[in-house]
>>> print(open('final.csv').read())   # CSV, C-alpha atoms
chain,number,residue,atom,x,y,z
A,1,MET,CA,21.4,-88.5,-7.8
A,2,LEU,CA,23.3,-86.3,-5.3
A,3,ARG,CA,20.9,-87.3,-2.5
A,4,SER,CA,21.6,-90.9,-3.2
A,5,ILE,CA,25.4,-90.3,-3.2
A,6,ALA,CA,25.1,-88.3,0.0
A,7,ASN,CA,23.1,-91.2,1.6
A,8,ILE,CA,26.0,-93.5,0.7
A,9,PHE,CA,28.7,-91.3,2.2
A,10,VAL,CA,26.9,-90.0,5.3
A,11,PRO,CA,27.5,-93.3,7.2
A,12,LEU,CA,31.1,-93.1,6.1
A,13,LEU,CA,31.6,-89.6,7.5
A,14,PRO,CA,32.6,-90.5,11.1
A,15,GLY,CA,35.4,-92.7,9.7
A,16,LEU,CA,36.4,-90.2,7.0
A,17,ILE,CA,36.6,-87.4,9.6
A,18,ALA,CA,38.5,-89.5,12.1
A,19,ALA,CA,40.9,-91.0,9.5
A,20,GLY,CA,41.3,-87.6,7.8
A,21,THR,CA,42.0,-85.8,11.0
A,22,LEU,CA,44.6,-88.4,12.1
A,23,MET,CA,46.2,-88.3,8.7
A,24,GLY,CA,46.5,-84.5,9.0
A,25,ILE,CA,48.0,-84.7,12.5
A,26,ASN,CA,50.4,-87.4,11.3
A,27,ASN,CA,51.4,-85.3,8.3
A,28,ILE,CA,52.2,-82.4,10.7
A,29,ILE,CA,54.4,-84.7,12.8
A,30,VAL,CA,56.1,-86.3,9.9
A,31,ASN,CA,56.7,-83.0,8.0
A,32,SER,CA,58.2,-81.5,11.2
A,33,ALA,CA,60.5,-84.5,11.6
A,34,HIS,CA,61.5,-84.3,8.0
A,35,ALA,CA,62.4,-80.6,8.4
A,36,GLU,CA,64.4,-81.3,11.5
A,37,ALA,CA,66.2,-84.2,9.7
A,38,LEU,CA,67.3,-81.8,6.9
A,39,ALA,CA,68.3,-79.1,9.4
A,40,GLN,CA,70.5,-81.5,11.4
A,41,GLY,CA,71.8,-83.5,8.4
A,42,ILE,CA,70.3,-86.8,9.7
A,43,GLN,CA,70.5,-89.6,7.1
A,44,ALA,CA,68.2,-92.5,6.4
A,45,THR,CA,69.1,-96.0,7.6
A,46,ALA,CA,68.6,-99.3,5.9
A,47,ASN,CA,65.2,-99.7,7.5
A,48,MET,CA,64.0,-96.1,8.2
A,49,SER,CA,63.8,-92.8,6.5
A,50,ALA,CA,65.5,-89.8,7.9
A,51,ALA,CA,62.1,-88.5,9.2
A,52,GLN,CA,61.5,-91.9,10.9
A,53,VAL,CA,64.9,-91.7,12.6
A,54,VAL,CA,64.0,-88.3,14.1
A,55,LEU,CA,60.6,-89.6,15.2
A,56,GLN,CA,62.3,-92.5,16.9
A,57,GLN,CA,64.6,-90.2,18.7
A,58,GLN,CA,61.6,-88.2,19.8
A,59,GLY,CA,59.7,-91.3,20.9
A,60,LEU,CA,56.9,-90.6,18.3
A,61,LEU,CA,57.6,-93.3,15.7
A,62,GLU,CA,55.1,-95.8,17.1
A,63,ILE,CA,52.4,-93.2,17.5
A,64,SER,CA,53.0,-91.8,14.0
A,65,THR,CA,53.0,-95.4,12.6
A,66,ILE,CA,49.7,-96.2,14.3
A,67,MET,CA,48.0,-93.0,13.0
A,68,GLY,CA,49.2,-93.8,9.5
A,69,ILE,CA,47.8,-97.4,9.8
A,70,ILE,CA,44.4,-96.0,10.9
A,71,ALA,CA,44.3,-93.6,8.0
A,72,SER,CA,45.4,-96.1,5.3
A,73,GLY,CA,43.1,-98.7,6.8
A,74,LEU,CA,40.1,-96.6,5.7
A,75,PHE,CA,41.4,-94.9,2.5
A,76,SER,CA,43.0,-98.1,1.0
A,77,LEU,CA,39.7,-99.9,1.4
A,78,LEU,CA,37.3,-97.0,0.7
A,79,ALA,CA,36.0,-98.6,-2.5
A,80,VAL,CA,34.9,-101.7,-0.5
A,81,PHE,CA,33.1,-99.6,2.1
A,82,THR,CA,31.5,-97.5,-0.6
A,83,GLY,CA,30.3,-100.6,-2.4
A,84,ILE,CA,28.7,-101.9,0.8
A,85,PHE,CA,26.8,-98.7,1.6
A,86,ALA,CA,25.9,-98.2,-2.0
A,87,ALA,CA,24.2,-101.6,-2.0
A,88,LYS,CA,22.4,-100.7,1.1
A,89,GLU,CA,21.2,-97.4,-0.4
A,90,PHE,CA,20.0,-99.2,-3.6
A,91,LYS,CA,18.3,-102.0,-1.7
A,92,GLY,CA,20.6,-104.8,-2.8
A,93,THR,CA,22.9,-107.4,-1.0
A,94,GLU,CA,25.5,-105.4,0.8
A,95,ILE,CA,28.3,-107.9,0.6
A,96,LEU,CA,28.0,-108.1,-3.2
A,97,GLY,CA,28.5,-104.4,-3.3
A,98,GLY,CA,31.6,-104.8,-1.2
A,99,ILE,CA,32.9,-107.5,-3.5
A,100,LEU,CA,32.5,-105.2,-6.5
A,101,GLY,CA,34.3,-102.4,-4.7
A,102,ALA,CA,37.1,-104.9,-3.9
A,103,ILE,CA,37.4,-106.0,-7.5
A,104,THR,CA,38.1,-102.4,-8.6
A,105,ILE,CA,41.2,-102.1,-6.4
A,106,ALA,CA,42.5,-105.6,-6.9
A,107,PRO,CA,46.1,-105.5,-8.2
A,108,GLN,CA,45.3,-108.3,-10.6
A,109,VAL,CA,43.2,-106.0,-12.8
A,110,ALA,CA,46.5,-104.8,-14.3
A,111,ILE,CA,46.7,-108.1,-16.2
A,112,LEU,CA,43.6,-107.0,-18.0
A,113,GLY,CA,45.0,-103.7,-19.0
A,114,LEU,CA,43.3,-101.8,-16.2
A,115,THR,CA,44.7,-99.7,-13.4
A,116,PRO,CA,43.7,-100.6,-9.8
A,117,GLY,CA,41.1,-98.0,-8.7
A,118,GLN,CA,40.4,-97.0,-12.3
A,119,GLY,CA,37.0,-95.2,-12.5
A,120,GLY,CA,37.2,-94.4,-8.8
A,121,LEU,CA,34.3,-94.4,-6.5
A,122,ILE,CA,32.0,-93.1,-9.3
A,123,GLY,CA,32.5,-96.4,-11.1
A,124,VAL,CA,31.9,-98.4,-7.9
A,125,ILE,CA,28.6,-96.6,-7.2
A,126,PHE,CA,27.4,-97.1,-10.8
A,127,ALA,CA,28.4,-100.8,-10.8
A,128,VAL,CA,26.6,-101.4,-7.5
A,129,TRP,CA,23.5,-99.6,-8.8
A,130,ILE,CA,23.3,-101.9,-11.8
A,131,SER,CA,24.1,-104.9,-9.6
A,132,CYS,CA,21.2,-104.2,-7.3
A,133,TRP,CA,18.8,-103.8,-10.3
A,134,LEU,CA,20.1,-107.1,-11.8
A,135,GLU,CA,19.8,-108.9,-8.5
A,136,LYS,CA,16.1,-107.9,-8.1
A,137,ARG,CA,15.3,-109.0,-11.7
A,138,LEU,CA,17.0,-112.4,-11.2
A,139,ARG,CA,15.0,-113.1,-8.1
A,140,ARG,CA,11.8,-112.8,-10.1
A,141,TYR,CA,12.8,-115.8,-12.3
A,142,ILE,CA,15.0,-118.0,-10.2
A,143,PRO,CA,13.1,-120.6,-8.1
A,144,SER,CA,13.2,-120.0,-4.4
A,145,MET,CA,14.8,-123.4,-3.9
A,146,ILE,CA,18.1,-122.3,-5.5
A,147,ASP,CA,17.8,-118.6,-5.0
A,148,VAL,CA,20.3,-118.4,-2.2
A,149,ILE,CA,22.9,-120.0,-4.4
A,150,ALA,CA,22.0,-118.9,-7.9
A,151,THR,CA,21.1,-115.3,-7.5
A,152,PRO,CA,24.3,-114.0,-5.8
A,153,THR,CA,26.5,-116.2,-8.0
A,154,LEU,CA,25.0,-115.1,-11.3
A,155,THR,CA,24.9,-111.5,-10.1
A,156,ILE,CA,28.5,-111.4,-9.2
A,157,ILE,CA,29.6,-113.3,-12.4
A,158,ILE,CA,27.7,-111.0,-14.7
A,159,MET,CA,28.6,-107.8,-12.8
A,160,THR,CA,32.3,-108.7,-12.7
A,161,ALA,CA,32.4,-109.1,-16.4
A,162,LEU,CA,30.5,-105.9,-16.9
A,163,LEU,CA,32.6,-104.0,-14.4
A,164,LEU,CA,36.0,-105.1,-15.8
A,165,PHE,CA,35.2,-104.8,-19.5
A,166,GLY,CA,32.7,-101.9,-19.5
A,167,ILE,CA,32.2,-99.9,-16.4
A,168,MET,CA,35.8,-99.4,-15.2
A,169,PRO,CA,37.1,-98.3,-18.6
A,170,VAL,CA,34.2,-95.9,-19.2
A,171,ALA,CA,34.1,-94.7,-15.6
A,172,GLY,CA,37.9,-94.0,-15.8
A,173,VAL,CA,37.3,-91.7,-18.8
A,174,VAL,CA,34.4,-90.0,-16.9
A,175,SER,CA,36.3,-89.6,-13.7
A,176,ASN,CA,39.4,-88.2,-15.5
A,177,GLY,CA,37.1,-85.8,-17.3
A,178,ILE,CA,35.5,-84.5,-14.1
A,179,LEU,CA,38.9,-84.1,-12.4
A,180,GLY,CA,40.3,-82.4,-15.5
A,181,SER,CA,37.4,-80.1,-15.7
A,182,LEU,CA,37.5,-79.1,-12.1
A,183,SER,CA,41.3,-78.6,-12.2
A,184,GLY,CA,40.8,-76.5,-15.4
A,185,ILE,CA,38.1,-74.4,-13.7
A,186,LEU,CA,40.3,-73.7,-10.7
A,187,GLN,CA,43.5,-73.2,-12.8
A,188,HIS,CA,41.9,-70.9,-15.4
A,189,GLY,CA,39.0,-69.5,-13.5
A,190,GLY,CA,41.2,-68.2,-10.8
A,191,LEU,CA,39.7,-65.9,-8.2
A,192,ALA,CA,36.3,-65.9,-9.9
A,193,ALA,CA,36.1,-69.7,-9.7
A,194,GLY,CA,37.0,-69.6,-6.0
A,195,PHE,CA,34.3,-66.9,-5.4
A,196,ILE,CA,31.5,-68.7,-7.4
A,197,LEU,CA,32.2,-72.2,-6.0
A,198,SER,CA,32.5,-71.1,-2.4
A,199,SER,CA,29.4,-68.8,-2.5
A,200,LEU,CA,27.3,-71.7,-4.0
A,201,PHE,CA,28.3,-74.3,-1.4
A,202,PRO,CA,25.9,-72.9,1.4
A,203,PHE,CA,23.0,-73.7,-1.0
A,204,LEU,CA,24.2,-77.3,-1.5
A,205,ILE,CA,24.6,-77.6,2.3
A,206,SER,CA,21.1,-76.3,2.9
A,207,LEU,CA,19.7,-79.0,0.6
A,208,GLY,CA,21.9,-81.7,2.1
A,209,LEU,CA,23.6,-82.3,-1.2
A,210,HIS,CA,27.2,-81.3,-0.3
A,211,GLN,CA,28.0,-84.8,0.8
A,212,GLY,CA,27.5,-85.9,-2.8
A,213,LEU,CA,30.8,-84.2,-3.6
A,214,ILE,CA,32.8,-86.4,-1.3
A,215,PRO,CA,33.8,-88.9,-4.1
A,216,ILE,CA,35.1,-86.0,-6.2
A,217,HIS,CA,37.2,-84.7,-3.3
A,218,LEU,CA,38.6,-88.1,-2.7
A,219,GLU,CA,39.3,-88.6,-6.3
A,220,LEU,CA,41.2,-85.3,-6.4
A,221,ILE,CA,43.2,-86.3,-3.3
A,222,GLN,CA,44.0,-89.7,-4.8
A,223,ALA,CA,45.0,-88.2,-8.2
A,224,THR,CA,46.9,-85.1,-7.0
A,225,GLY,CA,47.5,-85.6,-3.3
A,226,SER,CA,45.2,-82.8,-2.3
A,227,SER,CA,41.9,-81.1,-3.0
A,228,GLN,CA,41.6,-77.3,-3.4
A,229,LEU,CA,37.9,-77.8,-4.0
A,230,PHE,CA,37.3,-79.1,-0.5
A,231,ALA,CA,39.3,-76.1,0.9
A,232,ILE,CA,37.0,-73.8,-1.1
A,233,GLN,CA,33.9,-75.7,0.1
A,234,ILE,CA,34.6,-75.3,3.8
A,235,MET,CA,34.9,-71.5,3.3
A,236,SER,CA,31.1,-71.6,3.4
A,237,ASN,CA,31.5,-72.1,7.1
A,238,SER,CA,33.3,-68.7,7.4
A,239,GLY,CA,30.5,-66.8,5.6
A,240,MET,CA,27.8,-68.4,7.7
A,241,VAL,CA,29.6,-67.6,11.0
A,242,GLY,CA,30.2,-64.0,10.0
A,243,ALA,CA,26.6,-63.5,9.0
A,244,ALA,CA,25.3,-65.2,12.2
A,245,ILE,CA,27.5,-62.9,14.4
A,246,ALA,CA,26.0,-59.9,12.7
A,247,VAL,CA,22.5,-61.2,13.3
A,248,LEU,CA,23.3,-61.9,16.9
A,249,ILE,CA,24.4,-58.3,17.4
A,250,MET,CA,21.4,-56.8,15.6
A,251,THR,CA,18.5,-59.0,16.7
A,252,LYS,CA,16.4,-58.1,19.7
A,253,ASP,CA,14.6,-61.5,19.6
A,254,PRO,CA,15.6,-63.4,22.7
A,255,VAL,CA,15.0,-66.8,21.0
A,256,MET,CA,17.2,-65.8,18.0
A,257,LYS,CA,19.9,-64.6,20.4
A,258,ARG,CA,19.9,-67.8,22.3
A,259,VAL,CA,20.0,-69.9,19.2
A,260,ALA,CA,22.8,-67.8,17.7
A,261,LYS,CA,24.9,-68.0,20.9
A,262,GLY,CA,24.7,-71.8,20.7
A,263,ALA,CA,25.2,-72.1,17.0
A,264,ILE,CA,28.1,-69.8,16.4
A,265,PRO,CA,30.7,-71.6,18.6
A,266,THR,CA,29.7,-75.0,17.1
A,267,SER,CA,30.1,-73.6,13.6
A,268,ILE,CA,33.5,-72.0,14.4
A,269,LEU,CA,34.7,-75.4,15.7
A,270,ALA,CA,33.3,-77.7,13.1
A,271,VAL,CA,30.0,-77.6,11.1
A,272,GLY,CA,28.1,-74.7,9.6
A,273,GLU,CA,24.6,-76.3,9.7
A,274,PRO,CA,23.7,-74.8,13.1
A,275,THR,CA,24.2,-71.2,11.8
A,276,ILE,CA,22.6,-72.0,8.4
A,277,PHE,CA,19.4,-73.6,9.7
A,278,GLY,CA,19.2,-71.9,13.1
A,279,VAL,CA,20.2,-68.3,12.3
A,280,ASN,CA,20.8,-67.3,8.7
A,281,ILE,CA,17.9,-69.0,6.9
A,282,PRO,CA,15.4,-67.8,9.5
A,283,ALA,CA,16.8,-64.3,9.1
A,284,GLY,CA,16.5,-64.5,5.4
A,285,PHE,CA,18.9,-62.0,3.9
A,286,ALA,CA,21.7,-63.2,6.2
A,287,PHE,CA,21.9,-66.5,4.2
A,288,ILE,CA,22.5,-64.5,1.0
A,289,THR,CA,25.1,-62.1,2.5
A,290,GLY,CA,26.8,-64.9,4.3
A,291,SER,CA,27.1,-66.8,1.0
A,292,ILE,CA,28.7,-63.8,-0.7
A,293,GLY,CA,31.1,-63.4,2.2
A,294,ALA,CA,32.0,-67.1,1.8
A,295,GLY,CA,32.8,-66.4,-1.8
A,296,PHE,CA,35.5,-64.0,-0.7
A,297,GLY,CA,36.9,-66.7,1.5
A,298,GLY,CA,37.0,-69.0,-1.5
A,299,MET,CA,38.9,-66.3,-3.5
A,300,MET,CA,41.6,-66.1,-0.8
A,301,ILE,CA,41.9,-69.9,-0.8
A,302,VAL,CA,42.7,-69.7,-4.5
A,303,LEU,CA,44.9,-66.7,-4.1
A,304,LEU,CA,47.0,-68.3,-1.3
A,305,ASP,CA,46.9,-71.8,-3.0
A,306,VAL,CA,45.5,-73.5,0.1
A,307,THR,CA,44.5,-77.2,-0.4
A,308,ALA,CA,43.4,-80.1,1.8
A,309,ASN,CA,44.8,-83.6,1.9
A,310,GLY,CA,41.7,-85.1,3.6
A,311,VAL,CA,38.0,-84.5,4.0
A,312,GLY,CA,36.1,-83.8,7.2
A,313,ALA,CA,34.5,-81.0,9.2
A,314,ALA,CA,35.0,-77.3,8.6
A,315,GLY,CA,36.1,-74.5,10.8
A,316,LEU,CA,39.0,-75.0,13.2
A,317,SER,CA,38.5,-78.8,12.9
A,318,ALA,CA,39.8,-78.6,9.3
A,319,LEU,CA,43.2,-77.3,10.3
A,320,PRO,CA,44.8,-80.8,10.5
A,321,LEU,CA,43.5,-81.5,7.0
A,322,ILE,CA,45.3,-78.5,5.4
A,323,ALA,CA,48.1,-79.5,3.1
A,324,ASP,CA,51.7,-78.2,3.0
A,325,GLY,CA,51.5,-76.5,6.4
A,326,LYS,CA,49.4,-73.6,5.1
A,327,TYR,CA,47.5,-73.3,8.4
A,328,LEU,CA,47.9,-69.5,8.7
A,329,GLN,CA,46.8,-69.0,5.1
A,330,TYR,CA,43.7,-71.1,5.8
A,331,ILE,CA,42.9,-69.1,9.0
A,332,PHE,CA,43.4,-65.8,7.1
A,333,SER,CA,41.1,-66.9,4.3
A,334,TRP,CA,38.5,-68.0,6.9
A,335,LEU,CA,38.7,-64.6,8.7
A,336,VAL,CA,38.4,-62.7,5.4
A,337,GLY,CA,35.2,-64.6,4.5
A,338,ALA,CA,33.8,-64.2,8.0
A,339,SER,CA,34.6,-60.5,8.2
A,340,ILE,CA,33.1,-59.6,4.8
A,341,ALA,CA,30.0,-61.6,5.6
A,342,PHE,CA,29.7,-59.8,8.9
A,343,VAL,CA,30.0,-56.4,7.3
A,344,LEU,CA,27.6,-57.2,4.5
A,345,THR,CA,25.0,-58.7,6.8
A,346,TYR,CA,25.3,-55.9,9.3
A,347,VAL,CA,24.9,-53.1,6.6
A,348,VAL,CA,22.0,-54.9,4.8
A,349,GLY,CA,20.4,-55.6,8.2
A,350,ARG,CA,20.5,-52.0,9.2
A,351,ILE,CA,19.1,-50.9,5.8
A,352,ARG,CA,16.3,-53.4,6.3
A,353,LYS,CA,15.9,-52.3,9.9
A,354,TYR,CA,16.2,-55.9,11.0
A,355,GLN,CA,15.5,-56.6,14.6
>>> encode(input="final.csv", output="structure tokens")
Amino acid sequence: MLRSIANIFVPLLPGLIAAGTLMGINNIIVNSAHAEALAQGIQATANMSAAQVVLQQQGLLEISTIMGIIASGLFSLLAVFTGIFAAKEFKGTEILGGILGAITIAPQVAILGLTPGQGGLIGVIFAVWISCWLEKRLRRYIPSMIDVIATPTLTIIIMTALLLFGIMPVAGVVSNGILGSLSGILQHGGLAAGFILSSLFPFLISLGLHQGLIPIHLELIQATGSSQLFAIQIMSNSGMVGAAIAVLIMTKDPVMKRVAKGAIPTSILAVGEPTIFGVNIPAGFAFITGSIGAGFGGMMIVLLDVTANGVGAAGLSALPLIADGKYLQYIFSWLVGASIAFVLTYVVGRIRKYQ
């Protein structure tokens, strides 16, 4: 199931990363303008907020507006894009998947007692999965002469009724349950939850299943404005980098040294896969010690209450995604995870006489 979800969101990743990064940069610009407006006592006008007045004075209003449009252009229609790629994954008609996604965010659903977006992306994916199954079954019985008209029409009529009166209400309960459970784990599990979750993420990444958590991150961001789970997840990057640096220092294998020298800067900047697959898994023990180090990074994320208001790459590339201006806290957490992973990997490596 997670692989299918990952396959749906992998094509969306470039857009999510771009829009999330621009959203983060824009948040920095707007927050800075808001702080300056408060400091200087600048008031809002009839057409602009106080922050927008400052941005206009600085010549940044148009740039900030454009970045905001780009970010909202993706996230406001994310259900539509998810529906399209879900239909592609489940071998159905992609535009029908897009229509089902659009239905879930239509304002008119409020007339039926629903909330636009109720059930989130989980409901969209489930609805599209059923739709693709139904579409294939209908094609078996509908004559080819009218297939091009009857099949999509019947599919969308049946699925719209099922979506509005069955899937969205149930998916809303499920989605709220998942978000409530995760929030409860982080709230009551404290540092232990941060350690366990962060130390487990490298295993998900190694299996290619971590992208399956994107809808949960996005639901958390939509519901609360930020996702601490994503901030915890990307601490896996710190542990893998710390372990890889220790391997680089210890190994005498020229091939491993060359791979590590190329993988480590890439992972520091963005993604941890190069150090995971190129260095730590081949070394064996370094993957375990790196995961433990990542756990300590996750503990610091919880301790310092670091969250993210977007999803994207890890490492330094995640800085614009960090909410509430807690960039130093994020860097400190990352350094803690990397340092402990380095020490653990180096000590274990020397005990094992790794070369």
>>> closest_residue(input="final.csv", among="A:Ala318, A:Leu112, A:Val348, A:Ala192", to="Pro169 of chain A", atoms="all atoms listed in the file")
A:Leu112
>>> closest_residue(input="final.csv", among="A:Ile340, A:Ile205, A:Leu74, A:Ile29", to="Leu61 of chain A", atoms="only C-alpha atoms")
A:Ile29
>>> closest_residue(input="final.csv", among="A:Thr21, A:Thr115, A:Ser64, A:Thr155", to="Gly310 of chain A", atoms="all atoms listed in the file")
A:Thr21
>>> closest_residue(input="final.csv", among="A:Phe9, A:Phe165, A:Phe296, A:Tyr330", to="Ala193 of chain A", atoms="all atoms listed in the file")
A:Phe296
>>> closest_residue(input="final.csv", among="A:Ser49, A:Ser144, A:Thr160, A:Ser175", to="Thr104 of chain A", atoms="only C-alpha atoms")
A:Thr160
